[in-house]
Each structure stands twice: as C-alpha cells, then as structure tokens.
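Below: structure_8.cif (mmCIF, C-alpha atoms)
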```
data_input
#
loop_
_atom_site.group_PDB
_atom_site.id
_atom_site.type_symbol
_atom_site.label_atom_id
_atom_site.label_comp_id
_atom_site.auth_asym_id
_atom_site.auth_seq_id
_atom_site.Cartn_x
_atom_site.Cartn_y
_atom_site.Cartn_z
ATOM 1 C CA MET A 683 22.799 10.351 -23.968
ATOM 2 C CA ILE A 684 22.661 7.044 -25.887
ATOM 3 C CA ASN A 685 24.469 5.242 -23.055
ATOM 4 C CA TYR A 686 22.155 6.952 -20.565
ATOM 5 C CA LEU A 687 19.025 5.696 -22.352
ATOM 6 C CA ALA A 688 20.546 2.265 -22.968
ATOM 7 C CA ILE A 689 21.175 1.692 -19.264
ATOM 8 C CA ILE A 690 17.613 2.776 -18.412
ATOM 9 C CA ALA A 691 16.246 0.365 -21.039
ATOM 10 C CA LEU A 692 18.529 -2.391 -19.749
ATOM 11 C CA ALA A 693 17.270 -1.755 -16.220
ATOM 12 C CA TYR A 694 13.672 -2.222 -17.365
ATOM 13 C CA LEU A 695 14.594 -5.473 -19.137
ATOM 14 C CA PHE A 696 16.420 -6.755 -16.043
ATOM 15 C CA GLY A 697 13.394 -5.901 -13.940
ATOM 16 C CA SER A 698 11.189 -7.773 -16.416
ATOM 17 C CA LEU A 699 12.845 -11.080 -15.519
ATOM 18 C CA SER A 700 10.234 -12.565 -13.182
ATOM 19 C CA THR A 701 12.212 -14.662 -10.721
ATOM 20 C CA ALA A 702 9.154 -16.462 -9.354
ATOM 21 C CA ILE A 703 7.853 -17.523 -12.757
ATOM 22 C CA ILE A 704 11.281 -18.603 -14.030
ATOM 23 C CA LEU A 705 12.118 -20.589 -10.886
ATOM 24 C CA CYS A 706 8.727 -22.292 -10.759
ATOM 25 C CA LYS A 707 9.056 -23.263 -14.403
ATOM 26 C CA LEU A 708 12.560 -24.680 -13.851
ATOM 27 C CA LEU A 709 11.449 -26.589 -10.738
ATOM 28 C CA ARG A 710 8.220 -27.780 -12.392
ATOM 29 C CA LEU A 711 6.037 -25.991 -9.888
ATOM 30 C CA PRO A 712 2.732 -24.340 -10.848
ATOM 31 C CA ASP A 713 2.867 -20.848 -12.309
ATOM 32 C CA PRO A 714 2.573 -18.485 -9.297
ATOM 33 C CA ARG A 715 0.091 -16.370 -11.255
ATOM 34 C CA SER A 716 -2.337 -19.300 -11.084
ATOM 35 C CA GLN A 717 -1.825 -20.074 -7.385
ATOM 36 C CA GLY A 718 -2.796 -18.407 -4.107
ATOM 37 C CA SER A 719 -2.900 -14.638 -4.474
ATOM 38 C CA GLY A 720 -1.795 -14.846 -8.111
ATOM 39 C CA ASN A 721 1.207 -12.672 -7.371
ATOM 40 C CA PRO A 722 4.581 -13.804 -8.762
ATOM 41 C CA GLY A 723 6.472 -12.940 -5.594
ATOM 42 C CA ALA A 724 8.243 -14.589 -2.682
ATOM 43 C CA THR A 725 5.310 -14.503 -0.246
ATOM 44 C CA ASN A 726 2.963 -16.274 -2.640
ATOM 45 C CA VAL A 727 5.615 -18.814 -3.672
ATOM 46 C CA LEU A 728 6.239 -19.553 0.024
ATOM 47 C CA ARG A 729 2.650 -20.735 0.402
ATOM 48 C CA TYR A 730 2.950 -23.613 -2.049
ATOM 49 C CA GLY A 731 6.606 -23.903 -3.082
ATOM 50 C CA GLY A 732 8.305 -23.831 0.308
ATOM 51 C CA LYS A 733 10.945 -21.723 2.000
ATOM 52 C CA LYS A 734 13.881 -22.506 -0.309
ATOM 53 C CA VAL A 735 12.059 -21.433 -3.464
ATOM 54 C CA ALA A 736 10.683 -18.364 -1.673
ATOM 55 C CA ILE A 737 14.176 -17.310 -0.537
ATOM 56 C CA LEU A 738 15.572 -17.780 -4.053
ATOM 57 C CA THR A 739 12.689 -15.723 -5.436
ATOM 58 C CA LEU A 740 13.356 -12.962 -2.924
ATOM 59 C CA LEU A 741 17.088 -12.878 -3.692
ATOM 60 C CA GLY A 742 16.463 -12.914 -7.431
ATOM 61 C CA ASP A 743 13.992 -10.021 -7.251
ATOM 62 C CA ILE A 744 16.444 -8.010 -5.161
ATOM 63 C CA ALA A 745 19.389 -8.736 -7.463
ATOM 64 C CA LYS A 746 17.641 -7.981 -10.741
ATOM 65 C CA CYS A 747 16.974 -4.418 -9.572
ATOM 66 C CA ALA A 748 20.284 -3.894 -7.807
ATOM 67 C CA VAL A 749 22.513 -4.978 -10.718
ATOM 68 C CA PRO A 750 21.448 -2.260 -13.217
ATOM 69 C CA ILE A 751 21.874 0.435 -10.559
ATOM 70 C CA LEU A 752 25.353 -0.787 -9.660
ATOM 71 C CA LEU A 753 26.189 -0.775 -13.384
ATOM 72 C CA ALA A 754 24.880 2.778 -13.671
ATOM 73 C CA LYS A 755 27.048 3.818 -10.738
ATOM 74 C CA THR A 756 30.078 2.220 -12.397
ATOM 75 C CA VAL A 757 29.641 4.297 -15.566
ATOM 76 C CA GLY A 758 29.129 7.470 -13.530
ATOM 77 C CA LEU A 759 25.444 8.332 -13.964
ATOM 78 C CA ASP A 760 24.314 11.327 -11.912
ATOM 79 C CA GLU A 761 21.562 11.312 -9.271
ATOM 80 C CA THR A 762 18.793 11.812 -11.832
ATOM 81 C CA GLY A 763 20.158 8.983 -13.966
ATOM 82 C CA LEU A 764 20.402 6.635 -11.004
ATOM 83 C CA ALA A 765 16.846 7.473 -9.952
ATOM 84 C CA LEU A 766 15.569 6.764 -13.476
ATOM 85 C CA VAL A 767 17.467 3.479 -13.664
ATOM 86 C CA ALA A 768 16.033 2.401 -10.301
ATOM 87 C CA PHE A 769 12.514 3.364 -11.336
ATOM 88 C CA ALA A 770 12.877 1.557 -14.675
ATOM 89 C CA ALA A 771 13.975 -1.675 -12.955
ATOM 90 C CA PHE A 772 11.072 -1.332 -10.517
ATOM 91 C CA LEU A 773 8.610 -0.797 -13.388
ATOM 92 C CA GLY A 774 10.017 -3.848 -15.132
ATOM 93 C CA HIS A 775 9.197 -5.935 -12.080
ATOM 94 C CA LEU A 776 5.641 -4.584 -11.868
ATOM 95 C CA TYR A 777 4.966 -4.695 -15.617
ATOM 96 C CA PRO A 778 7.403 -7.228 -17.153
ATOM 97 C CA LEU A 779 7.783 -7.175 -20.915
ATOM 98 C CA PHE A 780 8.501 -10.912 -21.022
ATOM 99 C CA PHE A 781 5.420 -12.004 -19.052
ATOM 100 C CA HIS A 782 2.509 -10.073 -20.587
ATOM 101 C CA PHE A 783 3.064 -7.171 -18.165
ATOM 102 C CA ARG A 784 1.772 -9.273 -15.243
ATOM 103 C CA GLY A 785 4.398 -8.792 -12.554
ATOM 104 C CA GLY A 786 4.842 -8.665 -8.814
ATOM 105 C CA LYS A 787 3.862 -6.024 -6.311
ATOM 106 C CA GLY A 788 7.309 -4.506 -5.964
ATOM 107 C CA VAL A 789 8.366 -5.023 -2.357
ATOM 108 C CA ALA A 790 11.576 -6.996 -2.961
ATOM 109 C CA ALA A 791 12.251 -4.980 -6.123
ATOM 110 C CA ALA A 792 12.089 -1.701 -4.208
ATOM 111 C CA PHE A 793 14.338 -3.164 -1.521
ATOM 112 C CA GLY A 794 16.873 -4.152 -4.193
ATOM 113 C CA CYS A 795 16.794 -0.647 -5.637
ATOM 114 C CA TRP A 796 17.544 0.901 -2.266
ATOM 115 C CA LEU A 797 20.271 -1.537 -1.334
ATOM 116 C CA ALA A 798 22.087 -0.489 -4.514
ATOM 117 C CA LEU A 799 21.308 3.233 -4.297
ATOM 118 C CA ALA A 800 22.133 3.730 -0.609
ATOM 119 C CA TRP A 801 22.518 0.529 1.381
ATOM 120 C CA PRO A 802 21.924 2.115 4.823
ATOM 121 C CA VAL A 803 18.481 3.260 3.649
ATOM 122 C CA GLY A 804 17.868 -0.190 2.180
ATOM 123 C CA LEU A 805 18.726 -1.848 5.482
ATOM 124 C CA LEU A 806 16.529 0.616 7.380
ATOM 125 C CA LEU A 807 13.592 -0.145 5.065
ATOM 126 C CA GLY A 808 14.221 -3.867 5.397
ATOM 127 C CA ALA A 809 14.309 -3.603 9.184
ATOM 128 C CA THR A 810 11.076 -1.591 9.176
ATOM 129 C CA TRP A 811 9.312 -4.205 7.035
ATOM 130 C CA LEU A 812 10.672 -7.056 9.189
ATOM 131 C CA CYS A 813 9.578 -5.504 12.485
ATOM 132 C CA ILE A 814 6.036 -4.860 11.230
ATOM 133 C CA ALA A 815 5.818 -8.327 9.652
ATOM 134 C CA LEU A 816 6.989 -10.051 12.842
ATOM 135 C CA ILE A 817 4.509 -8.131 14.962
ATOM 136 C CA THR A 818 1.458 -8.396 12.678
ATOM 137 C CA ARG A 819 2.287 -11.529 10.613
ATOM 138 C CA TYR A 820 0.929 -9.680 7.573
ATOM 139 C CA SER A 821 3.417 -9.273 4.727
ATOM 140 C CA SER A 822 1.107 -6.876 2.895
ATOM 141 C CA LEU A 823 0.583 -4.596 5.902
ATOM 142 C CA ALA A 824 4.339 -4.476 6.476
ATOM 143 C CA ALA A 825 4.838 -3.549 2.820
ATOM 144 C CA LEU A 826 2.179 -0.829 2.894
ATOM 145 C CA LEU A 827 3.425 0.833 6.080
ATOM 146 C CA THR A 828 7.039 0.644 4.899
ATOM 147 C CA ALA A 829 6.020 2.181 1.562
ATOM 148 C CA LEU A 830 4.391 5.094 3.375
ATOM 149 C CA ILE A 831 7.520 5.881 5.374
ATOM 150 C CA ALA A 832 10.066 5.141 2.605
ATOM 151 C CA PRO A 833 9.993 8.630 0.990
ATOM 152 C CA LEU A 834 10.738 10.180 4.396
ATOM 153 C CA TYR A 835 13.748 7.905 4.868
ATOM 154 C CA ALA A 836 14.936 8.763 1.363
ATOM 155 C CA TRP A 837 14.502 12.502 1.887
ATOM 156 C CA TYR A 838 16.211 12.524 5.276
ATOM 157 C CA PHE A 839 19.180 10.300 4.416
ATOM 158 C CA THR A 840 19.797 11.017 0.700
ATOM 159 C CA ASN A 841 18.420 13.770 -1.549
ATOM 160 C CA ASP A 842 15.261 15.254 -3.054
ATOM 161 C CA THR A 843 15.673 13.389 -6.358
ATOM 162 C CA PHE A 844 15.784 9.988 -4.689
ATOM 163 C CA ALA A 845 12.926 11.002 -2.372
ATOM 164 C CA LEU A 846 10.719 11.926 -5.349
ATOM 165 C CA MET A 847 11.553 8.661 -7.092
ATOM 166 C CA THR A 848 10.762 6.765 -3.889
ATOM 167 C CA ALA A 849 7.429 8.552 -3.547
ATOM 168 C CA CYS A 850 6.504 7.449 -7.088
ATOM 169 C CA MET A 851 7.537 3.885 -6.286
ATOM 170 C CA SER A 852 5.509 3.948 -3.073
ATOM 171 C CA ILE A 853 2.377 5.126 -4.893
ATOM 172 C CA LEU A 854 2.680 2.259 -7.377
ATOM 173 C CA LEU A 855 3.445 -0.242 -4.630
ATOM 174 C CA ILE A 856 0.358 0.808 -2.661
ATOM 175 C CA TYR A 857 -1.743 0.684 -5.840
ATOM 176 C CA ARG A 858 -0.535 -2.859 -6.525
ATOM 177 C CA HIS A 859 -1.675 -3.822 -3.020
ATOM 178 C CA ALA A 860 -5.260 -2.610 -3.558
ATOM 179 C CA LYS A 861 -6.696 -6.115 -3.190
ATOM 180 C CA ASN A 862 -4.642 -6.677 -0.023
ATOM 181 C CA ILE A 863 -5.948 -3.434 1.442
ATOM 182 C CA GLY A 864 -9.503 -4.678 0.891
ATOM 183 C CA ASN A 865 -8.685 -8.050 2.445
ATOM 184 C CA LEU A 866 -7.059 -6.385 5.454
ATOM 185 C CA TRP A 867 -10.094 -4.176 5.912
ATOM 186 C CA ARG A 868 -12.428 -7.198 5.815
ATOM 187 C CA GLY A 869 -10.135 -9.345 8.000
ATOM 188 C CA LYS A 870 -9.578 -11.850 5.184
ATOM 189 C CA GLU A 871 -5.886 -11.284 4.471
ATOM 190 C CA SER A 872 -3.670 -14.377 4.783
ATOM 191 C CA LYS A 873 -0.867 -14.242 7.323
ATOM 192 C CA ILE A 874 2.742 -15.132 6.567
ATOM 193 C CA GLY A 875 3.226 -18.893 6.263
ATOM 194 C CA LYS A 876 -0.489 -19.638 6.046
ATOM 195 C CA LYS A 877 -1.501 -21.721 3.035
ATOM 196 C CA ARG A 878 -4.454 -20.561 1.001
#
```
Encoded form (structure tokens):
Amino acid sequence: MINYLAIIALAYLFGSLSTAIILCKLLRLPDPRSQGSGNPGATNVLRYGGKKVAILTLLGDIAKCAVPILLAKTVGLDETGLALVAFAAFLGHLYPLFFHFRGGKGVAAAFGCWLALAWPVGLLLGATWLCIALITRYSSLAALLTALIAPLYAWYFTNDTFALMTACMSILLIYRHAKNIGNLWRGKESKIGKKR
C-alpha cells in the first residue's frame, strides 16, 4: 500500500513539472503564462517561441506523464493503480505544485498517459486530434472533439476502469478549455500557427 501511494504521489510530482515554463526559463523566453493565451503548453509556446521550443514542450509534457505509468507497470500495479497513477500525473499537469497550481490544459499530458497505458489507443487519439486540427486549423477544437470521443475509445479497446478514468480526464480537459469554447463560439479563436 505504501509503494502504491508513493507511485501515485510521484506521478503527481512528475506531472507538476511544467515543461513550457522550465524550457522558456532556460532559453530566456517570456513566461508562457504571461504571453498569448496564458497557457503553458506547446500551442501557446509555438506562437512566440517557435517550432523547436514547441516540439520540446510537447515531448516533455508527453514524457512526464508516460514515465510514472511505465514505472507503475514495471512494479506490477493493477488496472485501478495504473488508472490512478495516470490521473495523478494528469492532475499534476493541470494543477502543478511547483508553479502555484497554474498548469496547462492537458492535451499532451492525456496523450502521454494513453501512450503509456495502451499505445494503440494513444495513437488513435493522436490521429483523431491531428485529423481534426489539419481540417479546422483549431488546436482547441481538435482537443475538445478528441476529448469527447476518448472515453469511447478507452471503453472499446481497454476496460471499464480506464474508460472511467478517461471520462474524468475528458471532463477536466473540457473545463480547462472553457475560454476556448467561448472564443470558438464568437469566432475569435486563434488558428494554429497564428501569432496573437
């Protein structure tokens, strides 16, 4: 039980490492929370930091959620344990302990969780997001629509425990995109690659 709780706590701490903020600080770029949308994520960093920094941010956000889950798999946690570890890492990204609980919106973090839990589902979610993003040029719309369908993918390809965890993640992800939903509704949402 102690190991179980320790891995969940470790997952939250890993998730709390904000890749965007750390990279921007190291590269002497402005804090992403003070630029553009104010979101410390790859899409916002792309707008003022460029493609290389955005790609590094994306990879970092994926890895910080995938690593704790892979560790949990190594020590033999059951389905419930893996779901809790994934959710803890995701929560860490949204509400990071190290950055005054001001985190990202969770798209790359959720993708990292699924790549580690069941990589075929992760790839399917990534492909869904990519197709919508390429067609609409809206990162937020792609994230919202993918979040809506994610629990169905999880239920069909894995199990009820992972599907429930995914549904909880999707609710939080949609909640974190509340401002984007308003902007989309008013036709004011920025498209991918467009500087604010």
Can you turn the PyMOL selection byres ((chain A and resi 750) around 8) into a concrete residue list for this file, as an MDAnalysis selection string?
chainID A and resid 689 692:693 696 746:749 751:754 767:768 771
Taking the file as I've supplied it (selection: the PyMOL selection byres ((chain A and resi 796) around 10)), which residues are included? Please answer as a list in words.
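Selected by the PyMOL selection byres ((chain A and resi 796) around 10) here: Ile744, Cys747, Ala748, Ile751, Ala768, Ala790, Ala791, Ala792, Phe793, Gly794, Cys795, Leu797, Ala798, Leu799, Ala800, Trp801, Pro802, Val803, Gly804, Leu805, Leu806, Leu807, Gly808, Ala832, Ala836, Phe844 and Thr848 of chain A.
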Chain and number of each residue from the PyMOL selection byres ((chain A and resi 858) around 12), as a PyMOL selection string
chain A and resi 721+773+775-777+784-789+822+825-826+829+851-857+859-864
In the coordinates of the file, take the point (3.2, -10.9, -15.4) and a cut-off of 12 Å; then, counting only C-alpha atoms, name each qualifying protein, DNA or RNA residue as JSON, numbers by chain.
{"A": [697, 698, 699, 700, 701, 702, 703, 704, 713, 714, 715, 716, 720, 721, 722, 723, 773, 774, 775, 776, 777, 778, 779, 780, 781, 782, 783, 784, 785, 786, 787]}
From CA of Ala691 in chain A to CA of Pro833 in chain A the spacing works out at 24.3 Å
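Going from CA of Gly731 in chain A over to CA of Leu830 in chain A, you cover 29.8 Å.
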Using only the atoms of range 776-784 of chain A listed in the file, plus 3 Å on each side, state the axis-aligned box centre and edge lengths in Å rounded to one decimal, as JSON.
```
{"center_x": 5.1, "center_y": -8.3, "center_z": -16.4, "size_x": 12.7, "size_y": 13.4, "size_z": 15.2}
```
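A straight line drawn from CA of Ala736 in chain A to CA of Gly718 in chain A is 13.7 Å long.
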Spatial neighbours of Gln717 in chain A, 12 Å, all atoms listed in the file, chain gap at least 6 places, as a PyMOL selection string:
chain A and resi 702-703+706+711+723+725-731+877-878
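Proximity of A:Leu866, A:Gly742, A:Ala688, A:Gly763 to Ser821 in chain A, computed with all atoms listed in the file, is greatest for A:Leu866.
Residue nearest Val735 in chain A, chosen from A:Lys873, A:Ile831, A:Trp811, A:Arg710 and counting all atoms listed in the file: A:Arg710.
Each of A:Gly758, A:Glu871, A:Leu705, A:Ala824 was compared to Ile737 in chain A using all atoms listed in the file, and A:Leu705 turns out to be the nearest.
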